[in-house]
Amino acid sequence: MDPTSKRPPPAASSSTTYPPLPKLEILNPSALPSHRFLRPAKRINEGPDVSHFLTSKAYRDIGVWILQLNHALVPRIIKKSTTASTSEPTKDEQQRRQQKAEEANEQQQPPPPPPPPTYALAAKLQSLRKKKDEQQQPTEEIKTFPLPRYRDGEGVDHQEEPESIKKLQRLLKKVEAIIDEAPPDPGPRRFGNVSFRTWFKLLEERADGLLREYLPDGVLRWEQSAGGEKKEEEEGTETETETETEGDSDKKTNEQKQVVGPLEELKAYFLGGFGSAQRLDYGTGHELSFIMFLGGLWKLGGFEGEEKDEDREVERRIVLGVVEPYLRVIRRLILTYTLEPAGSHGVWGLDDHSFVPYIFGSAQYTRPISSPNEPTPLEGSVPNASKPSDITKPTAVERYRTENMYFSAIGFIYDVKKGPFWEHSPILFDVSGIKDGWGKINKGMIKMYNAEVLSKFPVVQHFPFGSLFQWEKDPEAGVPAQSVHMQNQPVASAASAAVTGGVGIPTERPSGPGGVTGTAAPWAQAPAQAPGAGMAPPMTATPWARSTGAGAGVGSSAANRFTPFKPAGGPGGAPHTGPPPPESFPGGTPGTASNQFAVTKAPWAK
Amino acid sequence: MPGLPPSVDLDECISRLYKKELLAESVIEAICAKTKELLMRESNVVHVRAPVTVVGDIHGQFYDLIEIFRIGGYCPDTNYLFLGDYVDRGMFSVETISLLVCLKLRYPNRVHLIRGNHESRGVTQSYGFYTECSRKYGNANVWHYFTDMFDFLTLSVVINDQIFCVHGGLSPSIHSIDQIKVIDRFREIPHEGPMADLVWSDPDPDRDEFSLSPRGAGYTFGAQVVKKFLAVNNMNHILRAHQLCQEGYQVLYDDRLSTVWSAPNYCYRCGNMASVLEVSDTGERFFNVFAAAPENDAVKDQQMNQDKSAEGGALPDYFL
């Protein structure tokens, strides 16, 4: 799976060794000189197509990529005595440390094993006191990865970013600057501002030029080695089989067979990341598109240094230096053009627009790992991390939103929402009560993302498939793993048995760049399972199927392939195993809702 | 009220609900059963006389519903027509639909409830009502009672033979309202066809004719469609809800169609106004615009603390 990542030299104190964690494969232009790029095409046309998606290579890649990025943000324990590669704390970090020290600590956490930390979050009074001693002792330090500080409108001000990251930051600046050319229309409107269509049109018109100018060199290399006038017979077998076996309409096949270059393919994911001009809205489907645009760049070798990088420094830069700035652009777009939270689940969703900052932000505060291949911890927090419950305190949120992506997203909620936090954001409120640390939150967020974003038709229906993210079935995805959340695909109930056959929306629906629709049609919800008929949805064991303990489960072998979180020698398996519990639900199994919340008593039943 | 168990006192239910207290599961069961009987006798096209106050989407924003009664008058002093989407997204869908159903039962000729696209099993499983029922009652029984009752809600109302009222909009399968009357509506909202279109469609001022809706259900329809429908049916206006409006309402097509939206500061963030449309006895239309209910956060927080201690926390099982 991962030929590039090397095992680290065995740590002096650690006897545990870990197998390499999965990474998204980097394609090699010399090995694949005739790689044929495709114009990505919509393949998820109706509910049941989501079932196929969940066994596709694209789905596998999405999971590997997000977990790879997630893992990069987990704090590290660095052995100073052996590597001694401690960089000087920057001015920012010193300030931050000081700030924290001043805040004092009502909740002094036990120091990490062994000696005291010296870096960023881990500092505080203790470390200040012992700083002198430390310099003389071989010791460990905990390294955390806060967001770089942003200067007003200037982006990162102190990081030595790799050129590839800098270029993407400039790209985002250019994208953001288009806002100035498309000021909000002052005229009457229903809700979303129609000037967003102008903004989007400008983005579309300039996308080719922008990508050519700002994509990392490694990607542009493919322009020469691929595309061209290659004949189809020479093509990689995978895409070839795909088009044949899937046998879509001739039109679609022909469209796919057009010779396109890497920019054309990447552009679909790039443009898909900035909302819907037609519907004037933005949601997690768009967010996914941008994340996979970055995944595409990775696959094409766009980020220098990956081969040498044992500790995922590049991935970290991608998240902190590109994803967060992207989210800032998105927040500005939402505010400028009042993009409608049309696909929002209201108070019953995590967030009206975003999801990944909750994944990556919780990773930033997770218990540190001591070797590069140690799986992401499933519980625990890095010492001196903010508390999960801090999200309900506006002053704490103001403080942490500049260093942590979770708090950055929460801060935006405070910016735009009125009313008590528990009322407008009850899920985040409940999560803030978790006592097992940020690792537990991180684990839950990833499971929730898989269920509520990747498995939901309204969200993933617009995700397009091409040569980088393939619709083709992942041959190793065979074994279905059952998750209760996958059952929340509303199916017709008893009263509507007559229409159960018609699951799925008409296939000729207009397709656009990804995202949420208005209130999406109910049946447009993903795999049309008919639990009444005893059908379990075909679910691939996924990168998400992290072991949560004893789970000699269905699909455990497949899951093991992708369990970066699996403790060595620990039990594998999918979190939810076995058949769905019997339900007396007439014709439908409302999996999510029934299982999402603990059973509670009615308030009057005291 | 015949059929309701003697233990259920509607007036008492209503006064409790005005205070945002939940009714017991067995009471909901009885009330929904009785409401079904009542709704079953209604036509797919209910004719009413003005004056009547028309309310758009509420989406569980209970405090704003109470604000509507404060502004527009309480039942039965004011006649009300609700255009659907009572549940989902907001925090208090159960309280909202419970109150509306009790009012309907108590004043059947002064309160009318139309079905919205969210009055459906499929949509409520995704957008919150199911979760809310499970969370507030510990099981899904009341969700079953309510959604079974939804199958009987009428699809449209005509005011003074002049104003056609529906949740979403028009359908390419419907030219005359007689075609609405023959729909078999006692069912879950289907995926397509005239019944789906009535609750899902939207006007599109940039087009003349019908076109597939980007929502994945229903259609968008333009000026020509509206003109033709009104001419064929000898009416002068279409009144619908279904779409968020910054100003609380929107009037299109030379005053031939209005959207009324009644959830202010939608989802706690949109900063939009809301409105109710007051139709006078002579058929004049007046949008009564209002902002989010100035609810006292301290009171809410107090209430939250009570709720939380009763519930003992409710964590999505992803995090267990």
# chains A, B, ... in the order shown; residues from 1 in each chain; ligands from 1
>>> interface_residues(of="chain B", to="chain A", cutoff="7 Å", atoms="only C-alpha atoms", output="NGL selection string")
:B and (89-91 or 122-123 or 125 or 127-128 or 130-131 or 134-138 or 187-188 or 190 or 212 or 214-217 or 244-246 or 250 or 267-269 or 297 or 307 or 310-311 or 313-319)
>>> select_by_dssp(residues="range 45-268 of chain B", states="helix (DSSP H, G or I)", output="ChimeraX atom specification")
/B:62-72,93-106,121-127,129-137,141-150,177-181,194-200,223-233,266-268
>>> select_by_dssp(residues="range 11-122 of chain B", states="strand (DSSP E or B)", output="ChimeraX atom specification")
/B:45-48,52-55,57,80-82,111-114
>>> write_last_selection(atoms="C-alpha atoms", output="compact mmCIF listing (two decimals), in the first residue's frame")
# COMPACT_ATOMS: atom_id res chain seq x y z
CA VAL B 45 -58.66 21.19 -2.25
CA VAL B 46 -60.26 22.86 0.75
CA HIS B 47 -62.26 26.03 0.09
CA VAL B 48 -62.17 28.68 2.79
CA VAL B 52 -57.60 34.39 7.09
CA THR B 53 -53.98 34.71 8.10
CA VAL B 54 -51.59 32.53 6.10
CA VAL B 55 -48.39 31.17 7.66
CA ASP B 57 -42.60 27.41 6.99
CA TYR B 80 -55.25 30.52 10.29
CA LEU B 81 -54.03 28.68 7.26
CA PHE B 82 -50.64 27.00 7.68
CA VAL B 111 -57.47 26.34 11.48
CA HIS B 112 -56.28 24.66 8.30
CA LEU B 113 -53.10 22.70 7.86
CA ILE B 114 -51.61 21.97 4.45
>>> residues_around(residues="Val87 in chain B", least_positions_apart="2", cutoff="6 Å", atoms="only C-alpha atoms", output="ChimeraX atom specification")
/B:59-60,85,93
